[in-house]
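Step one of this worksheet: look at the structure below.
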Amino acid sequence: MNSKNTNPSLMLNPAANQTHKAFEVYNFAEKIPLVIECLACYDNIFMVGTYSGQILIYEINHMLEPVFDKSIKITKKPIQQIEVIKEFKIVLVLFDYQIHVIDLEKYQLQYSITKSKNCSLFSTGITKDKKLLRLVVVCKRKIQFYYLSNQINSKFMELISDLELNDVPRTIEITSENLVIFSLRKEFYYYELPSTSANLGISNEQPIQKLNSGTRSIDSLCYKLHNDNFLVAIDENKSLLFDPKGSPFLSYPIEWSGCPSIICNIGFYLIAIISNTNSVEIMTIEPKSTSVQLIEFNKDSSSSSNISSSLGSSFTSKIVDFGLAGLSSATASSPEKLKILKSNKKSVCYLANQSSVWCLSPVNINDQINSTIMMKNFDLGLSIMSAQEHFNKANVNEIVEEKPLLVQPFYSLRFLQQTLDENLCRKLKNMHALNLFTQKKFVHSFQLFQKMKTDPSHLIAFFPGLLPDGYRTRLNLDDYYQNFEPKELEEGVAGLIDYLQYKRSEFLKTDEPNLHLEPLIDGRPVIKKKISLLEIIDTTLLKCYLISKENLVQFFLRRDPNFLHLEESERLLNQHNKINELIILYEKKEAHEKALNLLLTESSKSNSSLSGLKHLVEYMKKIGSKNLALVFKYAKSVIETDYKWGLKIFIGGNFEKLDTLIEEKAREKDENLKVDKNFTAHSDTLGDTLLSTFLKIDLSDSKNGKTSKDSLSLDLSELVDDDDEFLKDLNHLQILEFLDEQIQPKEFSAYLVKIYLQYCVYVWNDNDPKLNNKLVDIYQTFVDQNYVLPGQKIDSQKPKRYKQVLKFFLNYTNNYEALNTLAKLDLDIYPEERAIVLGKMGNHKDALSIYVNILNDTHKAEAYCEYIYSQSYISGSKDVFYELLQLYLNSDYEEIRIDASIRLLNLHSKEIGTVKTLELLPAQMMKCKNLSQFFENMLDRIVRTKHDTQIRNRLMVALQLQVHENKIMCQDKKFLVTHEQICHECNKRMGRSAMVRYPNGVLIHYGCLKSSEAILKTSNP
């Protein structure tokens, strides 16, 4: 209850010095001249049943001041028990061991339940549908059951027959789930009532069952709470909570400071009278039971209040006489101990001894939390806060049913559903976690901070040296700084690492550029930009790893994304002599020039872990795709130191082996062309002559009938490296320009360019004409000038080998610009190379002219023709042999050309064509005896063609006869179709429609043909 709505004169000063106040205690009636026997209450009304048979009725105003309303005199006997049923507008009163029914509005006695004589106690319960009131009555050793409907003028009727017992129940309660719980000595039992109105008035057949509540050493006591849950005492200071169906509601017992004699509840609070200490204990129920206040009452009551002094003058004037005995003035001596505790089932609780009544009202929840913060009792504050949150969630449906008023009355259940102050709750959580931190409970403390939005930099500040001094001073947390022993520091840093890792992941999941963080202590600055906070977190983590987990520093530095502060991290790593880690930092922060400078410096140190050029080259490989200009700047010094390592910056595989392989392949191809002239002359089939180099078949193997591998193919599988996957995507033209223009001397530059371009063309299959043209120029340069590397001797055979390599390259690829290349090839120096290029351009006649007239090598000319003829996609490929024959016959060297012409005709007459050959041959050659083979081959081919044609014709005639025979067999069958026959598919008459008949005799319409394809499959045997 908020203090501004309280009356200070009515507040009780407890005997004990309380440290926390969850409830305010108000003295409503002190030293009443009557003995109080029982209490009843609802809303803002409470009733006092007295020993003299009077019922005193009070109304509580909004200031929590009791206003005496009236006094009802109904008997001379003591009032044993009062129960108000607001929903049915009645009051049940037990006196003279019998239950009487009084109208709640007029306070008039309506009737008595006659059968309830000898009643010692009773309990009521309303069904869930609010239509029936159930009453259970204890009469000596039996229990009676009654019900009352909500109809007008209805009376209590017997529910079922009485339940006989072997002892008198001490307590009894009934729940909304039709469960009756009662105690006999030290055991609890329950009995289930009929659940429907159809079963009313029948005999009881349900067995009594024992409630599984454990063993106990005290008499069994049971207390029903306002939400229909009930408590049972299992020990002197322990109670178990059950739901209305009799199942355990909590997994843990509720432990009291002493032995409770009476228990009730208000919202999430449990209130009990601890009889042996004459005190009232208040506890929270969920999420865990926690004692929040213990109120002790003095044996000697304080002086009478204004309220008690006014009672005597108002009693007589407000008595409602029912025709019974008058008001008795006899009073008993005031007892010392509390004996009555009653709740209005919402937010007010009343407490009484024999002569005084007190009211307990809860203090505002935020005031309570603030009180626990001031007292540094954070565990208690968290328990109260959790209980309030749980109550707000669990009672939403029940509270909504109340009328929505602008200001909720103090006796409303909604009054208990208080909104927690977020700032206050945050402060409580922060102070609790901070308190654990000061107690060196780092793991628990940081686990709590993980759940909060506290600025992580405020926690980092507790560790010296982790934050910049200026920012640490601005936070002004000197009062909370701790001194750590070495072991404590290690544990604290380990906890901080886990906390920062968790927060880092949490912040990375948010897309907002700004964070909404809260200060650890009010008034301290917080960091708003996410990127700034992540920078502090990552830099702090690096410091923590250097302190406690050095082996994880490299792993941490490689993590993406990386928000480390470059200068601070660089200083730390240099301070700890972490050179390898510093390289990783530079790489992640893209400070590549610093990394290259450091690697270049370390490469010359023999005692360094980065000694040698390997680490420098590997780093330049990684950054080459986006930083070629920077790579070129440092690659030059690497190449000057060791050109092999320099080339590895741009080439992943074994480029030296590739260079050797190309030379060997070119030499092998050139030697294979020098075949025996008699080999082709003795060949009598076309298939043998096509086994030439230009057909990519090794002629030397064809003599033995073996087929060799492709003479132009290269097995490069052993040369490729994993780095080629990303190196081949570099800008080859820029690298070529760097090697060609920035490396000196010129012959050294040309050698590097040759190696690099060979790898691009042969391994990476780069089709760029500029690269291919440049490689042709480099080969020409090596042929013309015989370049050698510095320090090597001049080899006179080198130009010859490079010429072979040039010819191999011109044959190997079509990606160079043929016309441009042809213009650079001098006919006197590169005749064969020009022939290859002319062939690529489709100028077969010019190419053959070089082989025949300049090189005077008819074997190469014929090999050229064989290759071109086999490639049908080449323009003019079918006329190439005819053009060669023309060259032979138009030659001035008749002796040689006639032999070549005869050989060509004998071997390739089919490719040239008979008619063309006869038209082209001069008259003098027609008499040549050497042409006999040509004519024999021609006639043999004609005869074979004629024979094949005759066989084909005869086969066609036989096939025609077979088809004709099948036709006659099919036409031999006949069948009759009448108008009565129906289609097997649509079940309609066939009529005159087109039809289809299957071999099995099934008839269908032609239009039904597609949908009936399955008929033939299922009908055919």
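Naming scheme: A, B, ... for chains in displayed order of the structure tokens; residues 1 onward per chain; ligands 1 onward as shown.
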(message) List as a PyMOL selection string the protein and nucleic acid residues near range 124-130 of chain A, meaning an atom at most 8 Å away when only C-alpha atoms are counted, but skip any in the same chain fewer than 2 places from it.
(response) chain A and resi 87+122+132-136+150+173-178
Keeping N, CA and C atoms, export the residues of the selection given above as a compact mmCIF listing (two decimals), in the first residue's frame.
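And here is the file that came out, out13.txt:
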```txt
# COMPACT_ATOMS: atom_id res chain seq x y z
N GLU A 87 -21.87 -14.33 -3.81
CA GLU A 87 -22.53 -14.69 -5.05
C GLU A 87 -23.99 -15.09 -4.83
N PHE A 122 -17.78 -26.25 9.18
CA PHE A 122 -18.31 -26.47 7.83
C PHE A 122 -17.40 -25.76 6.83
N LEU A 132 -24.31 -23.62 -8.45
CA LEU A 132 -24.54 -24.39 -7.23
C LEU A 132 -23.54 -23.99 -6.15
N LEU A 133 -24.08 -23.90 -4.93
CA LEU A 133 -23.24 -23.73 -3.75
C LEU A 133 -23.25 -25.05 -3.00
N ARG A 134 -22.08 -25.57 -2.75
CA ARG A 134 -21.99 -26.86 -2.05
C ARG A 134 -21.52 -26.59 -0.62
N LEU A 135 -22.11 -27.31 0.30
CA LEU A 135 -21.83 -27.13 1.73
C LEU A 135 -21.51 -28.50 2.32
N VAL A 136 -20.38 -28.60 2.98
CA VAL A 136 -20.02 -29.83 3.69
C VAL A 136 -19.97 -29.50 5.18
N ASN A 150 -28.93 -21.37 -7.44
CA ASN A 150 -29.00 -19.91 -7.53
C ASN A 150 -30.39 -19.40 -7.88
N GLU A 173 -12.36 -29.03 3.86
CA GLU A 173 -12.44 -28.04 2.79
C GLU A 173 -13.05 -28.71 1.57
N ILE A 174 -13.67 -27.91 0.70
CA ILE A 174 -14.24 -28.39 -0.55
C ILE A 174 -13.76 -27.50 -1.68
N THR A 175 -13.39 -28.09 -2.83
CA THR A 175 -12.85 -27.33 -3.96
C THR A 175 -13.86 -27.25 -5.08
N SER A 176 -13.56 -26.43 -6.07
CA SER A 176 -14.45 -26.29 -7.23
C SER A 176 -14.46 -27.54 -8.10
N GLU A 177 -13.51 -28.44 -7.89
CA GLU A 177 -13.45 -29.69 -8.64
C GLU A 177 -14.20 -30.82 -7.92
N ASN A 178 -15.14 -30.45 -7.02
CA ASN A 178 -16.00 -31.42 -6.31
C ASN A 178 -15.19 -32.36 -5.41
```
(request) For range 746-756 of chain A, list every protein, DNA or RNA residue within 10 Å, evaluated using only C-alpha atoms, and leave out those in the same chain fewer than 2 positions away; present the list as a ChimeraX atom specification. (result) /A:639,643-644,646-648,650-651,655-656,658-659,732,735-744,758-761,771,774-779,781-782,785-790
Would you kindly return, as a compact mmCIF listing (two decimals) with N, CA and C atoms, in the first residue's frame, each protein, DNA or RNA residue with an atom no farther than 7 Å from any atom of Ile99 in chain A, considering only C-alpha atoms and excluding same-chain residues fewer than 4 positions away?
```txt
# COMPACT_ATOMS: atom_id res chain seq x y z
N LEU A 92 -23.63 -17.61 6.20
CA LEU A 92 -23.81 -18.82 6.99
C LEU A 92 -23.16 -18.60 8.35
N VAL A 93 -23.93 -18.79 9.39
CA VAL A 93 -23.45 -18.56 10.76
C VAL A 93 -23.62 -19.86 11.55
N LEU A 94 -22.54 -20.26 12.23
CA LEU A 94 -22.57 -21.45 13.07
C LEU A 94 -22.58 -21.00 14.54
N PHE A 95 -23.65 -21.27 15.22
CA PHE A 95 -23.68 -21.07 16.67
C PHE A 95 -24.58 -22.14 17.25
N SER A 112 -32.83 -22.08 9.44
CA SER A 112 -31.74 -22.89 9.98
C SER A 112 -31.75 -24.26 9.31
N ILE A 113 -30.58 -24.83 9.16
CA ILE A 113 -30.47 -26.19 8.60
C ILE A 113 -30.63 -27.15 9.77
N SER A 116 -28.31 -30.09 10.65
CA SER A 116 -26.91 -29.79 10.93
C SER A 116 -26.60 -29.65 12.42
```
(message) So, with only C-alpha atoms as the atoms that count, which of A:Met841, A:Ile45, A:Leu976, A:Cys1008 lies closest to Gly876 in chain A?
(response) A:Met841
(request) Measuring atom to atom with only C-alpha atoms, identify which of A:Glu192, A:Gln293, A:Ser849, A:Glu587 is nearest to Phe23 in chain A. (result) A:Gln293
As an mmCIF file with N, CA and C atoms, in the first residue's frame, please: the residues near Asn514 in chain A (cut-off 7 Å, only C-alpha atoms, same-chain neighbours under 2 positions excluded).
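Okay, out.cif is ready:
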```cif
data_model
loop_
_atom_site.group_PDB
_atom_site.id
_atom_site.type_symbol
_atom_site.label_atom_id
_atom_site.label_comp_id
_atom_site.auth_asym_id
_atom_site.auth_seq_id
_atom_site.Cartn_x
_atom_site.Cartn_y
_atom_site.Cartn_z
ATOM 1 N N GLU A 512 20.119 -3.183 -36.282
ATOM 2 C CA GLU A 512 20.099 -1.759 -35.963
ATOM 3 C C GLU A 512 21.518 -1.237 -35.758
ATOM 4 N N HIS A 516 20.353 0.060 -27.656
ATOM 5 C CA HIS A 516 19.644 0.711 -26.546
ATOM 6 C C HIS A 516 20.074 0.014 -25.254
ATOM 7 N N LYS A 528 26.268 3.984 -27.568
ATOM 8 C CA LYS A 528 25.078 3.798 -28.384
ATOM 9 C C LYS A 528 25.374 3.114 -29.716
ATOM 10 N N LYS A 529 26.521 3.408 -30.329
ATOM 11 C CA LYS A 529 26.824 2.841 -31.645
ATOM 12 C C LYS A 529 27.283 1.392 -31.502
ATOM 13 N N LYS A 530 26.648 0.534 -32.272
ATOM 14 C CA LYS A 530 26.973 -0.892 -32.192
ATOM 15 C C LYS A 530 28.407 -1.163 -32.599
#
```
(request) Check range 492-733 of chain A with DSSP on the backbone and list each residue it calls alpha helix (DSSP H), as a PyMOL selection string. (result) chain A and resi 492-508+530-548+553-557+566-575+579-588+592-603+614-623+628-641+643-647+655-672+677-681+686-689+699-702+724-727+732-733
Could those residues be written to a file, using C-alpha atoms, as a tab-separated table (two decimals), in the first residue's frame?
```
chain	number	residue	atom	x	y	z
A	492	GLY	CA	37.20	-13.19	-13.35
A	493	VAL	CA	38.79	-12.94	-16.80
A	494	ALA	CA	37.42	-16.39	-17.72
A	495	GLY	CA	33.92	-15.27	-16.71
A	496	LEU	CA	34.34	-12.00	-18.60
A	497	ILE	CA	35.35	-13.89	-21.77
A	498	ASP	CA	32.20	-16.00	-21.69
A	499	TYR	CA	30.06	-12.93	-21.04
A	500	LEU	CA	31.60	-10.87	-23.84
A	501	GLN	CA	31.35	-13.77	-26.31
A	502	TYR	CA	27.65	-14.10	-25.50
A	503	LYS	CA	27.01	-10.38	-25.85
A	504	ARG	CA	29.02	-10.21	-29.07
A	505	SER	CA	26.83	-12.89	-30.66
A	506	GLU	CA	23.72	-11.13	-29.40
A	507	PHE	CA	24.72	-7.75	-30.88
A	508	LEU	CA	25.69	-9.29	-34.22
A	530	LYS	CA	26.97	-0.89	-32.19
A	531	ILE	CA	30.22	-0.79	-34.14
A	532	SER	CA	31.96	1.14	-31.34
A	533	LEU	CA	30.83	-1.31	-28.67
A	534	LEU	CA	31.87	-4.32	-30.77
A	535	GLU	CA	35.28	-2.73	-31.19
A	536	ILE	CA	35.63	-2.43	-27.40
A	537	ILE	CA	34.39	-6.02	-26.90
A	538	ASP	CA	36.78	-7.55	-29.44
A	539	THR	CA	39.78	-5.57	-28.22
A	540	THR	CA	38.97	-6.52	-24.63
A	541	LEU	CA	38.65	-10.18	-25.61
A	542	LEU	CA	42.09	-10.03	-27.20
A	543	LYS	CA	43.52	-8.66	-23.96
A	544	CYS	CA	41.76	-11.38	-21.97
A	545	TYR	CA	43.09	-14.12	-24.24
A	546	LEU	CA	46.61	-12.74	-23.93
A	547	ILE	CA	46.20	-12.88	-20.15
A	548	SER	CA	44.69	-16.33	-19.74
A	553	VAL	CA	44.74	-15.88	-29.77
A	554	GLN	CA	45.29	-16.95	-33.40
A	555	PHE	CA	41.90	-18.62	-33.53
A	556	PHE	CA	40.27	-15.47	-32.15
A	557	LEU	CA	42.07	-13.19	-34.62
A	566	LEU	CA	44.01	-1.81	-34.97
A	567	GLU	CA	46.43	0.47	-33.12
A	568	GLU	CA	45.63	-0.91	-29.65
A	569	SER	CA	45.74	-4.51	-30.84
A	570	GLU	CA	48.99	-3.86	-32.68
A	571	ARG	CA	50.52	-2.45	-29.50
A	572	LEU	CA	49.39	-5.44	-27.45
A	573	LEU	CA	50.73	-8.04	-29.88
A	574	ASN	CA	54.07	-6.26	-30.21
A	575	GLN	CA	54.24	-6.07	-26.43
A	579	ILE	CA	54.61	-11.70	-34.71
A	580	ASN	CA	52.53	-14.43	-36.36
A	581	GLU	CA	49.41	-13.14	-34.66
A	582	LEU	CA	50.27	-9.62	-35.77
A	583	ILE	CA	50.32	-10.77	-39.39
A	584	ILE	CA	46.85	-12.27	-38.94
A	585	LEU	CA	45.64	-8.98	-37.43
A	586	TYR	CA	46.97	-6.98	-40.38
A	587	GLU	CA	45.32	-9.38	-42.81
A	588	LYS	CA	41.92	-9.19	-41.12
A	592	HIS	CA	48.37	-5.30	-46.00
A	593	GLU	CA	51.25	-2.91	-46.48
A	594	LYS	CA	52.15	-3.17	-42.79
A	595	ALA	CA	51.97	-6.94	-43.05
A	596	LEU	CA	54.20	-7.04	-46.14
A	597	ASN	CA	56.75	-4.72	-44.54
A	598	LEU	CA	56.87	-6.92	-41.45
A	599	LEU	CA	57.13	-10.13	-43.48
A	600	LEU	CA	59.88	-8.67	-45.66
A	601	THR	CA	61.81	-7.63	-42.56
A	602	GLU	CA	61.34	-10.99	-40.83
A	603	SER	CA	62.27	-12.96	-43.97
A	614	LYS	CA	57.67	-18.57	-48.20
A	615	HIS	CA	55.44	-16.66	-45.74
A	616	LEU	CA	55.79	-13.44	-47.72
A	617	VAL	CA	54.84	-15.17	-50.98
A	618	GLU	CA	51.88	-16.97	-49.39
A	619	TYR	CA	50.55	-13.69	-48.01
A	620	MET	CA	50.85	-11.96	-51.39
A	621	LYS	CA	48.95	-14.84	-52.99
A	622	LYS	CA	46.05	-14.29	-50.57
A	623	ILE	CA	45.70	-10.56	-51.20
A	628	LEU	CA	47.68	-6.28	-57.27
A	629	ALA	CA	49.35	-2.88	-57.24
A	630	LEU	CA	50.59	-3.48	-53.68
A	631	VAL	CA	51.71	-6.99	-54.60
A	632	PHE	CA	53.71	-5.65	-57.56
A	633	LYS	CA	55.46	-3.21	-55.24
A	634	TYR	CA	56.88	-6.02	-53.08
A	635	ALA	CA	57.03	-8.75	-55.73
A	636	LYS	CA	59.86	-6.98	-57.53
A	637	SER	CA	62.22	-7.35	-54.56
A	638	VAL	CA	61.20	-11.01	-54.16
A	639	ILE	CA	61.90	-11.73	-57.85
A	640	GLU	CA	65.27	-10.03	-57.62
A	641	THR	CA	66.10	-12.17	-54.59
A	643	TYR	CA	62.86	-15.46	-59.24
A	644	LYS	CA	61.35	-18.89	-58.53
A	645	TRP	CA	59.69	-17.64	-55.35
A	646	GLY	CA	58.73	-14.49	-57.23
A	647	LEU	CA	56.90	-16.49	-59.91
A	655	PHE	CA	56.05	-24.09	-63.78
A	656	GLU	CA	59.60	-25.45	-64.25
A	657	LYS	CA	58.29	-28.91	-65.01
A	658	LEU	CA	55.77	-27.41	-67.43
A	659	ASP	CA	58.56	-25.65	-69.34
A	660	THR	CA	60.50	-28.90	-69.63
A	661	LEU	CA	57.38	-30.85	-70.62
A	662	ILE	CA	56.56	-28.42	-73.45
A	663	GLU	CA	60.10	-28.65	-74.86
A	664	GLU	CA	60.03	-32.46	-74.74
A	665	LYS	CA	56.61	-32.62	-76.37
A	666	ALA	CA	57.66	-30.22	-79.14
A	667	ARG	CA	60.87	-32.18	-79.82
A	668	GLU	CA	58.98	-35.49	-79.85
A	669	LYS	CA	56.45	-34.15	-82.35
A	670	ASP	CA	59.16	-32.80	-84.63
A	671	GLU	CA	61.04	-36.11	-84.59
A	672	ASN	CA	57.90	-38.12	-85.32
A	677	LYS	CA	59.60	-42.38	-96.95
A	678	ASN	CA	59.07	-46.02	-97.91
A	679	PHE	CA	56.53	-46.46	-95.09
A	680	THR	CA	53.86	-44.46	-96.85
A	681	ALA	CA	54.71	-45.99	-100.26
A	686	LEU	CA	43.64	-45.25	-96.42
A	687	GLY	CA	43.38	-45.96	-92.71
A	688	ASP	CA	47.17	-46.39	-92.43
A	689	THR	CA	47.99	-43.10	-94.14
A	699	LEU	CA	53.39	-42.48	-86.90
A	700	SER	CA	56.13	-44.49	-85.27
A	701	ASP	CA	53.58	-46.62	-83.42
A	702	SER	CA	51.42	-47.23	-86.49
A	724	ASP	CA	45.57	-22.24	-58.91
A	725	GLU	CA	41.87	-22.05	-58.07
A	726	PHE	CA	42.15	-18.39	-57.09
A	727	LEU	CA	45.38	-17.41	-58.87
A	732	HIS	CA	46.75	-11.78	-66.28
A	733	LEU	CA	47.27	-8.74	-68.48
```
(request) Tell me which of A:Ser909, A:Gln144, A:Tyr802, A:Leu885 sits closest to Glu936 in chain A, counting only C-alpha atoms. (result) A:Ser909
Quick one: which range 409-480 of chain A residues come within 9 Å of range 385-393 of chain A, and what is the nearest atom pair for each with the distance in Å to one decimal, counting only C-alpha atoms, rows ordered by chain and ascending number, as CSV?
```
residue,atom,partner,partner_atom,distance
A:Leu416,CA,A:Asn392,CA,8.4
A:Gln417,CA,A:Asn392,CA,5.6
A:Gln418,CA,A:Gln388,CA,7.7
A:Thr419,CA,A:Asn392,CA,8.5
A:Leu420,CA,A:Met385,CA,7.7
A:Cys425,CA,A:Met385,CA,7.6
```
Please write the residues from the selection above to a file, keeping N, CA and C atoms, as a PDB file, in the first residue's frame.
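Once written, out16.pdb looks like this:
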```pdb
ATOM      1  N   LEU A 416      -3.795  -5.821  -6.662  1.00  0.00           N
ATOM      2  CA  LEU A 416      -2.536  -6.557  -6.494  1.00  0.00           C
ATOM      3  C   LEU A 416      -1.756  -6.695  -7.790  1.00  0.00           C
ATOM      4  N   GLN A 417      -2.439  -6.496  -8.915  1.00  0.00           N
ATOM      5  CA  GLN A 417      -1.739  -6.615 -10.182  1.00  0.00           C
ATOM      6  C   GLN A 417      -1.050  -5.287 -10.498  1.00  0.00           C
ATOM      7  N   GLN A 418       0.028  -5.062  -9.826  1.00  0.00           N
ATOM      8  CA  GLN A 418       0.738  -3.799  -9.935  1.00  0.00           C
ATOM      9  C   GLN A 418       1.801  -3.875 -11.027  1.00  0.00           C
ATOM     10  N   THR A 419       1.977  -2.768 -11.700  1.00  0.00           N
ATOM     11  CA  THR A 419       2.973  -2.700 -12.764  1.00  0.00           C
ATOM     12  C   THR A 419       4.348  -2.426 -12.166  1.00  0.00           C
ATOM     13  N   LEU A 420       5.274  -3.279 -12.516  1.00  0.00           N
ATOM     14  CA  LEU A 420       6.635  -3.125 -12.000  1.00  0.00           C
ATOM     15  C   LEU A 420       7.347  -1.982 -12.707  1.00  0.00           C
ATOM     16  N   CYS A 425      13.400  -2.325 -11.471  1.00  0.00           N
ATOM     17  CA  CYS A 425      13.750  -3.743 -11.644  1.00  0.00           C
ATOM     18  C   CYS A 425      15.142  -3.895 -12.256  1.00  0.00           C
TER      19      CYS A 425
END
```
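Interatomic distance, CA of Glu296 in chain A to CA of Thr277 in chain A: 7.5 Å.
Rounded to one decimal, CA of Arg801 in chain A and CA of Asp721 in chain A lie 27.5 Å from each other.
Atom to atom, CA of Ser279 in chain A and CA of Ser257 in chain A stand 10.1 Å apart.
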